[in-house]
$ cat protein19.csv   # CSV, C-alpha atoms and all ligand atoms
chain,number,residue,atom,x,y,z
V,191,MET,CA,0.0,0.0,0.0
V,192,SER,CA,1.5,3.3,-1.0
V,193,PRO,CA,1.6,6.0,1.7
V,194,ALA,CA,-0.9,8.2,-0.2
V,195,SER,CA,-3.5,5.5,-0.3
V,196,ALA,CA,-3.2,4.6,3.4
V,197,PRO,CA,-6.7,5.1,4.8
V,198,GLY,CA,-5.6,7.7,7.4
V,199,LYS,CA,-3.6,9.7,4.9
V,200,THR,CA,-6.4,9.8,2.3
V,201,LEU,CA,-8.9,11.0,4.9
V,202,GLY,CA,-6.4,13.6,6.1
V,203,ARG,CA,-5.8,14.8,2.6
V,204,ARG,CA,-9.5,15.0,1.8
V,205,ALA,CA,-10.2,17.0,4.9
V,206,TRP,CA,-7.4,19.4,4.0
V,207,GLU,CA,-8.6,19.7,0.4
V,208,PHE,CA,-12.1,20.3,1.6
V,209,GLU,CA,-10.9,23.0,4.0
V,210,GLU,CA,-8.9,24.6,1.2
V,211,LYS,CA,-12.0,24.7,-1.0
V,212,VAL,CA,-14.1,26.2,1.7
V,213,VAL,CA,-11.5,28.9,2.4
V,214,LYS,CA,-11.2,29.6,-1.4
V,215,GLU,CA,-15.0,29.9,-1.7
V,216,MET,CA,-15.1,32.2,1.3
V,217,GLU,CA,-12.4,34.4,-0.2
V,218,GLN,CA,-14.2,34.6,-3.5
V,219,GLN,CA,-17.4,35.5,-1.7
V,220,GLU,CA,-15.6,38.2,0.1
V,221,ALA,CA,-13.9,39.4,-3.0
V,222,LYS,CA,-17.1,39.6,-5.0
V,223,LYS,CA,-18.0,43.1,-5.9
V,224,VAL,CA,-21.4,44.4,-4.8
V,225,MET,CA,-24.1,45.7,-7.1
V,226,LEU,CA,-27.2,47.5,-5.9
V,227,SER,CA,-30.2,49.3,-7.3
V,228,GLY,CA,-33.9,50.2,-6.6
V,229,ILE,CA,-37.0,51.4,-8.3
V,230,GLN,CA,-40.0,53.2,-6.7
V,231,PRO,CA,-43.2,51.2,-6.9
V,232,SER,CA,-45.0,54.4,-8.1
V,233,GLY,CA,-46.4,53.0,-11.3
V,234,ASP,CA,-46.1,50.1,-13.7
V,235,LEU,CA,-42.5,49.4,-14.8
V,236,THR,CA,-41.9,50.7,-18.3
V,237,LEU,CA,-39.8,49.6,-21.2
V,238,GLY,CA,-37.6,52.6,-20.2
V,239,SER,CA,-36.9,51.2,-16.7
V,240,TYR,CA,-36.3,47.8,-18.2
V,241,LEU,CA,-33.8,48.9,-20.9
V,242,GLY,CA,-32.2,51.7,-18.8
V,243,ALA,CA,-31.8,49.7,-15.5
V,244,ILE,CA,-33.2,46.2,-14.9
V,245,LYS,CA,-31.7,44.6,-18.1
V,246,ASN,CA,-28.3,45.5,-16.6
V,247,TRP,CA,-29.2,43.9,-13.3
V,248,SER,CA,-29.8,40.4,-14.5
V,249,SER,CA,-27.2,37.8,-15.2
V,250,ARG,CA,-24.8,39.5,-12.8
V,251,ALA,CA,-25.2,37.2,-9.9
V,252,GLU,CA,-22.2,35.1,-10.9
V,253,GLN,CA,-19.9,38.1,-10.7
V,254,PHE,CA,-21.5,40.3,-8.1
V,255,ASP,CA,-23.2,40.1,-4.8
V,256,CYS,CA,-26.5,41.8,-5.9
V,257,TYR,CA,-29.1,43.7,-3.9
V,258,TYR,CA,-32.3,45.0,-5.5
V,259,PHE,CA,-35.2,46.6,-3.8
V,260,MET,CA,-38.6,48.2,-4.1
V,261,ALA,CA,-38.1,51.8,-3.0
V,262,ASP,CA,-41.4,52.3,-1.3
V,263,LEU,CA,-40.0,55.0,1.1
V,264,HIS,CA,-39.2,57.1,-1.9
V,265,ALA,CA,-42.6,56.5,-3.6
V,266,ILE,CA,-44.4,58.4,-0.9
V,267,THR,CA,-42.7,61.6,-1.8
V,268,VAL,CA,-45.6,61.8,-4.2
V,269,ARG,CA,-49.0,61.0,-2.8
V,270,GLN,CA,-49.9,57.3,-3.3
V,271,ASP,CA,-53.1,55.3,-2.8
V,272,PRO,CA,-52.1,52.9,0.0
V,273,ALA,CA,-53.8,49.8,-1.4
V,274,LEU,CA,-52.3,50.4,-4.8
V,275,LEU,CA,-48.9,51.0,-3.4
V,276,ARG,CA,-49.0,47.7,-1.5
V,277,ARG,CA,-50.1,45.9,-4.7
V,278,ARG,CA,-47.5,47.6,-6.9
V,279,THR,CA,-44.8,46.8,-4.4
V,280,LEU,CA,-45.6,43.0,-4.6
V,281,GLU,CA,-46.1,43.1,-8.4
V,282,GLN,CA,-42.8,44.9,-8.9
V,283,LEU,CA,-41.1,42.1,-7.0
V,284,ALA,CA,-42.8,39.6,-9.4
V,285,GLN,CA,-41.6,41.6,-12.3
V,286,TYR,CA,-38.0,41.7,-11.0
V,287,ILE,CA,-38.0,37.9,-10.8
V,288,ALA,CA,-39.6,37.6,-14.2
V,289,CYS,CA,-36.9,39.9,-15.7
V,290,GLY,CA,-34.3,37.3,-14.6
V,291,LEU,CA,-33.4,38.0,-11.0
V,292,ASP,CA,-33.2,34.7,-9.3
V,293,PRO,CA,-34.1,35.2,-5.7
V,294,GLU,CA,-31.7,32.4,-4.7
V,295,ARG,CA,-28.8,34.4,-6.1
V,296,ASN,CA,-30.0,38.0,-5.6
V,297,THR,CA,-31.1,39.7,-2.4
V,298,LEU,CA,-34.6,41.1,-3.3
V,299,PHE,CA,-36.3,43.2,-0.6
V,300,VAL,CA,-38.7,46.0,0.3
V,301,GLN,CA,-37.0,49.2,1.4
V,302,SER,CA,-39.4,49.9,4.3
V,303,HIS,CA,-38.7,46.4,5.7
V,304,VAL,CA,-35.1,47.4,6.5
V,305,PRO,CA,-35.3,50.4,8.9
V,306,GLN,CA,-31.6,51.1,8.6
V,307,HIS,CA,-32.4,52.9,5.3
V,308,ALA,CA,-34.5,55.5,7.2
V,309,GLU,CA,-32.0,55.6,10.0
V,310,LEU,CA,-28.9,56.2,7.9
V,311,GLY,CA,-31.0,58.5,5.7
V,312,TRP,CA,-31.4,60.9,8.7
V,313,VAL,CA,-27.7,60.8,9.5
V,314,LEU,CA,-26.8,61.6,5.9
V,315,ASN,CA,-29.3,64.4,5.7
V,316,CYS,CA,-27.0,66.1,8.2
V,317,TYR,CA,-24.1,65.7,5.8
V,318,THR,CA,-25.9,66.9,2.7
V,319,MET,CA,-26.0,70.6,1.8
V,320,PHE,CA,-29.1,72.6,0.9
V,321,GLY,CA,-27.3,73.9,-2.2
V,322,GLU,CA,-26.6,70.4,-3.4
V,323,LEU,CA,-30.2,69.3,-3.0
V,324,SER,CA,-31.4,72.4,-4.8
V,325,ARG,CA,-29.5,71.5,-7.9
V,326,MET,CA,-31.1,68.1,-8.3
V,327,THR,CA,-33.0,67.9,-11.6
V,328,GLN,CA,-35.4,65.3,-10.4
V,329,PHE,CA,-36.5,67.6,-7.6
V,330,LYS,CA,-37.1,70.4,-10.0
V,331,ASP,CA,-39.0,68.2,-12.5
V,332,LYS,CA,-41.1,66.6,-9.8
V,333,SER,CA,-41.9,69.8,-8.0
V,334,ALA,CA,-43.1,71.3,-11.3
V,335,LYS,CA,-45.3,68.3,-11.8
V,336,ASN,CA,-46.6,68.2,-8.2
V,337,ALA,CA,-46.9,71.9,-7.5
V,338,ASP,CA,-49.5,71.3,-4.7
V,339,ASN,CA,-47.2,68.9,-2.8
V,340,ILE,CA,-43.6,70.0,-2.8
V,341,ASN,CA,-42.8,68.3,0.5
V,342,GLY,CA,-39.6,68.0,2.5
V,343,GLY,CA,-39.2,64.3,1.5
V,344,LEU,CA,-39.2,65.2,-2.1
V,345,PHE,CA,-36.4,67.7,-1.4
V,346,THR,CA,-34.2,65.5,0.8
V,347,TYR,CA,-34.9,62.3,-1.2
V,348,PRO,CA,-31.2,62.1,-2.5
V,349,ALA,CA,-29.9,61.8,1.1
V,350,LEU,CA,-32.2,58.8,1.5
V,351,MET,CA,-31.0,57.4,-1.8
V,352,ALA,CA,-27.4,57.9,-0.6
V,353,ALA,CA,-28.3,55.8,2.5
V,354,ASP,CA,-29.9,53.1,0.3
V,355,ILE,CA,-26.6,52.8,-1.5
V,356,LEU,CA,-24.0,53.3,1.1
V,357,LEU,CA,-25.5,50.9,3.6
V,358,TYR,CA,-24.4,48.0,1.4
V,359,GLN,CA,-20.9,49.2,0.5
V,360,PRO,CA,-21.6,48.6,-3.3
V,361,ASP,CA,-19.1,49.0,-6.2
V,362,TYR,CA,-21.7,49.6,-8.9
V,363,ILE,CA,-25.1,51.2,-9.2
V,364,PRO,CA,-26.9,50.1,-12.4
V,365,VAL,CA,-29.3,53.0,-13.3
V,366,GLY,CA,-30.5,55.0,-16.2
V,367,GLU,CA,-29.0,58.3,-17.2
V,368,ASP,CA,-31.5,60.3,-15.2
V,369,GLN,CA,-30.2,58.9,-11.9
V,370,LYS,CA,-26.5,59.7,-12.6
V,371,GLN,CA,-26.8,63.0,-10.8
V,372,HIS,CA,-28.1,61.2,-7.6
V,373,VAL,CA,-25.3,58.7,-7.7
V,374,GLU,CA,-22.7,61.5,-8.1
V,375,LEU,CA,-24.2,63.3,-5.1
V,376,THR,CA,-24.0,60.0,-3.1
V,377,ARG,CA,-20.3,59.9,-3.9
V,378,ASN,CA,-19.8,63.4,-2.7
V,379,ILE,CA,-21.7,62.7,0.6
V,380,ALA,CA,-19.6,59.5,1.1
V,381,GLN,CA,-16.4,61.4,0.4
V,382,ARG,CA,-17.4,64.2,2.8
V,383,PHE,CA,-18.2,61.7,5.6
V,384,ASN,CA,-15.1,59.6,5.0
V,385,GLY,CA,-13.1,62.9,5.1
V,386,ILE,CA,-14.3,63.5,8.6
V,387,TYR,CA,-14.4,60.0,10.1
V,388,GLY,CA,-12.0,57.8,8.0
V,389,ASP,CA,-12.9,55.1,5.5
V,390,VAL,CA,-16.5,54.3,6.5
V,391,PHE,CA,-18.1,54.1,3.0
V,392,LYS,CA,-17.0,52.6,-0.2
V,393,ILE,CA,-17.3,55.1,-3.1
V,394,PRO,CA,-19.7,53.6,-5.6
V,395,GLU,CA,-19.9,54.2,-9.4
V,396,PRO,CA,-22.9,54.6,-11.6
V,397,TYR,CA,-23.2,51.8,-14.1
V,398,ILE,CA,-25.1,53.1,-17.1
V,399,PRO,CA,-25.9,51.1,-20.3
V,400,LYS,CA,-24.3,52.3,-23.6
V,401,VAL,CA,-27.7,51.9,-25.5
V,402,GLY,CA,-31.0,52.5,-23.7
V,403,ALA,CA,-29.8,54.8,-20.9
V,404,ARG,CA,-32.6,57.3,-21.8
V,405,ILE,CA,-35.6,56.0,-23.6
V,406,MET,CA,-37.9,58.8,-24.6
V,407,SER,CA,-41.7,58.9,-24.7
V,408,LEU,CA,-43.1,57.5,-28.0
V,409,THR,CA,-45.4,60.4,-28.4
V,410,ASN,CA,-43.1,63.1,-27.2
V,411,PRO,CA,-39.5,62.2,-28.0
V,412,THR,CA,-38.1,65.2,-26.1
V,413,SER,CA,-39.3,63.9,-22.7
V,414,LYS,CA,-38.3,60.7,-20.9
V,415,MET,CA,-40.6,57.7,-21.0
V,416,SER,CA,-41.9,57.6,-17.4
V,417,LYS,CA,-44.1,55.3,-15.4
V,418,SER,CA,-45.8,58.0,-13.3
V,419,ASP,CA,-46.8,60.4,-16.1
V,420,ASN,CA,-50.5,60.9,-16.7
V,421,GLY,CA,-51.8,59.3,-19.8
V,422,ASP,CA,-50.3,56.2,-21.3
V,423,THR,CA,-49.9,57.2,-25.0
V,424,GLY,CA,-46.1,57.6,-24.9
V,425,ARG,CA,-45.1,54.5,-22.9
V,426,VAL,CA,-45.0,50.8,-23.0
V,427,THR,CA,-45.1,48.8,-19.7
V,428,LEU,CA,-43.8,45.4,-19.0
V,429,MET,CA,-47.3,44.1,-18.4
V,430,ASP,CA,-48.9,45.5,-21.7
V,431,ASP,CA,-50.4,42.9,-24.0
V,432,PRO,CA,-48.9,42.5,-27.5
V,433,ALA,CA,-51.9,44.2,-29.3
V,434,HIS,CA,-51.4,47.3,-27.1
V,435,ILE,CA,-47.7,47.4,-27.6
V,436,MET,CA,-48.1,47.2,-31.4
V,437,LYS,CA,-50.7,50.0,-31.2
V,438,GLN,CA,-48.2,52.2,-29.2
V,439,PHE,CA,-45.4,51.7,-31.7
V,440,LYS,CA,-47.6,52.1,-34.8
V,441,ARG,CA,-48.7,55.5,-33.6
V,442,ALA,CA,-45.2,56.5,-32.3
V,443,VAL,CA,-44.1,60.0,-33.4
V,444,THR,CA,-41.4,60.0,-36.1
V,445,ASP,CA,-41.0,63.1,-38.3
V,446,SER,CA,-42.3,64.7,-41.4
V,447,ASP,CA,-39.4,63.6,-43.6
V,448,THR,CA,-41.2,62.8,-46.9
V,449,GLN,CA,-38.6,60.1,-47.7
V,450,ASN,CA,-39.5,58.2,-44.5
V,451,CYS,CA,-35.8,57.6,-44.1
V,452,VAL,CA,-34.6,55.4,-41.1
V,453,ARG,CA,-31.5,57.3,-40.2
V,454,TYR,CA,-29.9,57.8,-36.8
V,455,ASP,CA,-29.9,61.6,-36.2
V,456,PRO,CA,-31.0,62.3,-32.6
V,457,GLU,CA,-30.8,66.1,-33.1
V,458,ASN,CA,-33.0,66.4,-36.2
V,459,LYS,CA,-35.0,63.1,-36.0
V,460,PRO,CA,-35.4,62.4,-32.2
V,461,GLY,CA,-38.5,60.2,-32.7
V,462,VAL,CA,-36.8,57.9,-35.2
V,463,ALA,CA,-33.5,57.9,-33.1
V,464,ASN,CA,-35.6,56.8,-30.1
V,465,LEU,CA,-37.2,54.0,-32.0
V,466,MET,CA,-33.8,52.9,-33.3
V,467,THR,CA,-32.3,53.0,-29.8
V,468,ILE,CA,-35.2,50.7,-28.6
V,469,TYR,CA,-34.7,48.4,-31.6
V,470,SER,CA,-30.9,48.3,-31.0
V,471,ALA,CA,-31.3,47.6,-27.3
V,472,VAL,CA,-33.7,44.7,-27.8
V,473,THR,CA,-32.0,43.1,-30.9
V,474,GLY,CA,-28.4,43.9,-30.2
V,475,LYS,CA,-28.1,45.4,-33.8
V,476,SER,CA,-26.0,48.5,-34.4
V,477,MET,CA,-27.4,51.7,-35.8
V,478,ALA,CA,-25.6,51.1,-39.1
V,479,GLU,CA,-27.2,47.6,-39.3
V,480,ILE,CA,-30.6,49.0,-38.6
V,481,GLU,CA,-30.2,51.7,-41.3
V,482,ALA,CA,-29.2,49.0,-43.8
V,483,GLU,CA,-32.1,46.7,-42.8
V,484,PHE,CA,-34.7,49.4,-43.4
V,485,ASP,CA,-33.0,51.1,-46.3
V,486,GLY,CA,-35.8,52.1,-48.7
V,487,LEU,CA,-38.5,50.5,-46.6
V,488,GLY,CA,-39.6,53.6,-44.6
V,489,TYR,CA,-41.4,54.1,-41.3
V,490,GLY,CA,-44.3,51.9,-42.4
V,491,ALA,CA,-42.1,48.9,-42.2
V,492,PHE,CA,-39.9,50.1,-39.4
V,493,LYS,CA,-42.4,51.0,-36.7
V,494,PRO,CA,-44.2,47.6,-36.6
V,495,ALA,CA,-40.8,45.8,-36.7
V,496,VAL,CA,-39.7,47.7,-33.5
V,497,GLY,CA,-43.1,46.8,-32.0
V,498,GLU,CA,-42.7,43.1,-32.8
V,499,ALA,CA,-39.2,43.0,-31.4
V,500,VAL,CA,-40.4,44.6,-28.2
V,501,VAL,CA,-43.4,42.3,-28.0
V,502,GLU,CA,-41.1,39.3,-28.2
V,503,THR,CA,-38.7,40.7,-25.6
V,504,LEU,CA,-41.4,41.4,-23.1
V,505,ARG,CA,-43.6,38.3,-23.8
V,506,PRO,CA,-41.7,35.9,-21.5
V,507,ILE,CA,-41.4,38.6,-18.8
V,508,ARG,CA,-45.1,39.3,-18.8
V,509,GLU,CA,-46.1,35.7,-18.8
V,510,LYS,CA,-43.7,34.8,-15.9
V,511,ALA,CA,-44.8,37.8,-13.9
V,512,GLN,CA,-48.4,36.9,-14.3
V,513,ARG,CA,-47.8,33.4,-12.9
V,514,LEU,CA,-45.7,34.8,-10.0
V,515,ILE,CA,-48.3,37.5,-9.1
V,516,ALA,CA,-50.8,34.7,-8.6
V,517,ASP,CA,-48.5,33.1,-6.0
V,518,LYS,CA,-48.5,35.6,-3.1
V,519,ALA,CA,-47.1,33.1,-0.6
V,520,TYR,CA,-44.0,32.6,-2.7
V,521,LEU,CA,-43.4,36.3,-3.2
V,522,GLU,CA,-43.8,36.8,0.6
V,523,GLY,CA,-41.2,34.2,1.2
V,524,VAL,CA,-38.8,35.9,-1.2
V,525,TYR,CA,-39.1,39.3,0.4
V,526,ARG,CA,-38.8,38.0,3.9
V,527,ALA,CA,-35.6,36.1,3.1
V,528,GLY,CA,-34.4,39.3,1.3
V,529,ARG,CA,-35.1,41.4,4.4
V,530,GLU,CA,-33.0,39.0,6.5
V,531,LYS,CA,-30.0,39.3,4.3
V,532,ALA,CA,-30.3,43.0,3.6
V,533,SER,CA,-30.7,43.8,7.3
V,534,TYR,CA,-27.6,41.9,8.2
V,535,ALA,CA,-25.5,43.8,5.7
V,536,ALA,CA,-27.1,47.2,6.5
V,537,GLN,CA,-26.8,46.9,10.2
V,538,LYS,CA,-23.0,46.3,9.9
V,539,THR,CA,-22.6,49.7,8.2
V,540,LEU,CA,-25.1,51.5,10.4
V,541,ARG,CA,-23.4,50.3,13.6
V,542,LYS,CA,-20.1,51.7,12.3
V,543,VAL,CA,-21.7,55.1,11.4
V,544,TYR,CA,-23.4,55.5,14.8
V,545,LYS,CA,-20.1,54.8,16.5
V,546,LYS,CA,-18.2,57.2,14.3
V,547,VAL,CA,-20.6,60.1,14.8
V,548,GLY,CA,-20.6,59.6,18.6
V,549,PHE,CA,-23.9,58.0,19.4
V,550,LEU,CA,-23.8,56.2,22.8
V,551,ALA,CA,-24.1,52.4,22.4
V,552,PRO,CA,-27.5,51.2,23.6
V,601,LIG,P1,-41.3,58.0,-11.9
V,601,LIG,O1,-42.1,58.5,-13.1
V,601,LIG,O2,-42.1,57.4,-10.8
V,601,LIG,O3,-40.3,59.0,-11.5
V,601,LIG,P2,-39.7,56.6,-13.8
V,601,LIG,O4,-40.5,56.0,-14.8
V,601,LIG,O5,-39.0,57.8,-14.2
V,601,LIG,O6,-40.5,56.8,-12.5
V,601,LIG,P3,-37.8,55.4,-12.1
V,601,LIG,O7,-38.5,54.6,-11.0
V,601,LIG,O8,-37.4,56.8,-11.7
V,601,LIG,O9,-38.7,55.5,-13.4
V,601,LIG,O10,-36.6,54.7,-12.6
V,601,LIG,C1,-36.3,53.3,-12.4
V,601,LIG,C2,-34.9,53.0,-13.1
V,601,LIG,O11,-35.1,53.0,-14.5
V,601,LIG,C3,-33.9,54.1,-12.8
V,601,LIG,O12,-32.6,53.5,-12.8
V,601,LIG,C4,-34.0,55.0,-14.0
V,601,LIG,O13,-32.8,55.7,-14.3
V,601,LIG,C5,-34.4,54.0,-15.1
V,601,LIG,N1,-35.2,54.6,-16.1
V,601,LIG,C6,-36.5,55.1,-15.9
V,601,LIG,N2,-37.0,55.5,-17.0
V,601,LIG,C7,-36.1,55.4,-18.0
V,601,LIG,C8,-36.1,55.7,-19.3
V,601,LIG,N3,-37.1,56.3,-19.9
V,601,LIG,N4,-34.9,55.4,-20.0
V,601,LIG,C9,-33.9,54.8,-19.4
V,601,LIG,N5,-33.9,54.5,-18.1
V,601,LIG,C10,-34.9,54.8,-17.4
V,602,LIG,N1,-34.0,57.4,-7.2
V,602,LIG,C1,-34.3,56.2,-8.0
V,602,LIG,C2,-34.8,55.0,-7.2
V,602,LIG,C3,-33.8,54.7,-6.1
V,602,LIG,C4,-32.5,54.1,-6.3
V,602,LIG,C5,-32.0,54.0,-5.0
V,602,LIG,C6,-31.7,53.7,-7.4
V,602,LIG,C7,-34.0,54.9,-4.8
V,602,LIG,N2,-32.9,54.4,-4.1
V,602,LIG,C8,-30.7,53.5,-4.8
V,602,LIG,C9,-30.5,53.2,-7.2
V,602,LIG,C10,-29.9,53.1,-5.9
V,602,LIG,C11,-35.4,56.6,-9.0
V,602,LIG,O1,-36.1,57.5,-8.8
V,602,LIG,N3,-35.4,55.9,-10.1
$ encode --input "protein19.csv" --output "structure tokens"
Amino acid sequence: MSPASAPGKTLGRRAWEFEEKVVKEMEQQEAKKVMLSGIQPSGDLTLGSYLGAIKNWSSRAEQFDCYYFMADLHAITVRQDPALLRRRTLEQLAQYIACGLDPERNTLFVQSHVPQHAELGWVLNCYTMFGELSRMTQFKDKSAKNADNINGGLFTYPALMAADILLYQPDYIPVGEDQKQHVELTRNIAQRFNGIYGDVFKIPEPYIPKVGARIMSLTNPTSKMSKSDNGDTGRVTLMDDPAHIMKQFKRAVTDSDTQNCVRYDPENKPGVANLMTIYSAVTGKSMAEIEAEFDGLGYGAFKPAVGEAVVETLRPIREKAQRLIADKAYLEGVYRAGREKASYAAQKTLRKVYKKVGFLAP
């Protein structure tokens, strides 16, 4: 019997190899970068939020430790119907999963279930300047749209968003172009805090897609496709049926170019450029390939083709979300498990922050 195959040695080596494997896995786990994002359950998710943000969230679980949440604390900065808010929060979770976020590999949770968000939000409010908040475009846009309810929450919202992010020490924040300003403010707040107290927060980076970062309204290509805008003529939601999606694309605004030319020119042909962006984002084709594909065919062929490509992209998402929405017990299980994991990570950071600022230990 060779020494290596002696029973005691083999067992010893196996135990050692096992230990080495566990340590390696733990190291990989620790070295994994963190990705985090959230969306307010303030309306039905649109094609804009899918292409600008959620599409970038999925298939990342191998590389990243991922946290995604329903930002219900943010949603009440605009008045919400309570029953509708509850329903949308649950449906949004179903849509996250349907978009490819496996709850076994991603931490999916409800923001208000993790009180550390509100707690750190308050602390960070005290490290965010009035001038900084005044410069936020989302605040200016939303106060113009809700002139009768310009509340303090709407104004200080970016400090809460900074807390959402910094609690989890993430590396990347996958969002659409419109959120870049908030992530930059988060970086400034984190740097300011670290400058006073030492390295408490990791400085995160926005992660914005090359194509689809700003999808425009189909009827008004100079304004962003948005879920909470009144009227649904300019948007497509993840839950729209194929006939409705086709109708929206067929009546999408293009331009009065008599040649009906499908050419990428965002400045002079914003409607066509927006449709090309959508088509490119869902098919992976480049702008040159799209121009060649529709050369001489005009808008009459182009608009339904974009509609069909979108229908096929959204079909499996809608069908899976519908099945999941019917299974409330499953969704409850997912968000409860998510809360456990999120709270653990969040509490670690909050404890550090409370200590640094000088709060007496309870
Ligand atoms: P609301 O109208 O309630 O403000 P919204 O439709 O603008 O909502 P958000 O909840 O603000 O959408 O955004 C969710 C995520 O999707 C964010 O990361 C945002 O940047 C992205 N996003 C939203 N709309 C678009 C869009 N039209 N194009 C690209 N990305 C978008
Ligand atoms: N402000 C974002 C939603 C949001 C968010 C976040 C995104 C709230 N907290 C943290 C990324 C990270 C919006 O209005 N779309």
$ closest_residue --input "protein19.csv" --among "V:Ile363, V:Leu291, V:Leu357, V:Ile435" --to "ligand LIG 601 (chain V)" --atoms "all atoms listed in the file"
V:Ile363
$ residues_near_ligand --input "protein19.csv" --ligand "ligand LIG 601 (chain V)" --cutoff "6 Å" --atoms "only C-alpha atoms and all ligand atoms" --output "PyMOL selection string"
chain V and resi 229-230+232+238-239+242-243+365-369+402-406+414-419
$ residues_near_ligand --input "protein19.csv" --ligand "ligand LIG 602 (chain V)" --cutoff "6 Å" --atoms "all atoms listed in the file" --output "PyMOL selection string"
chain V and resi 227-230+261+351+354-355
$ residues_near_point --input "protein19.csv" --point "(-39.6, 58.7, -0.9)" --cutoff "10 Å" --atoms "all atoms listed in the file" --output "count of residues only"
20
$ atom_distance --input "protein19.csv" --atom1 "CA of Arg295 in chain V" --atom2 "CA of Ala221 in chain V"
16.0 Å
$ residues_around --input "protein19.csv" --residues "Glu498 in chain V" --least-positions-apart "5" --cutoff "9 Å" --atoms "only C-alpha atoms" --output "list in words"
Pro432, Ile435, Met436, Lys493 and Thr503 of chain V
$ residues_around --input "protein19.csv" --residues "Pro494 in chain V" --least-positions-apart "6" --cutoff "10 Å" --atoms "all atoms listed in the file" --output "list of chain:residue names"
V:Ile435, V:Met436, V:Lys437, V:Gln438, V:Phe439, V:Lys440, V:Arg441, V:Ala442, V:Val500
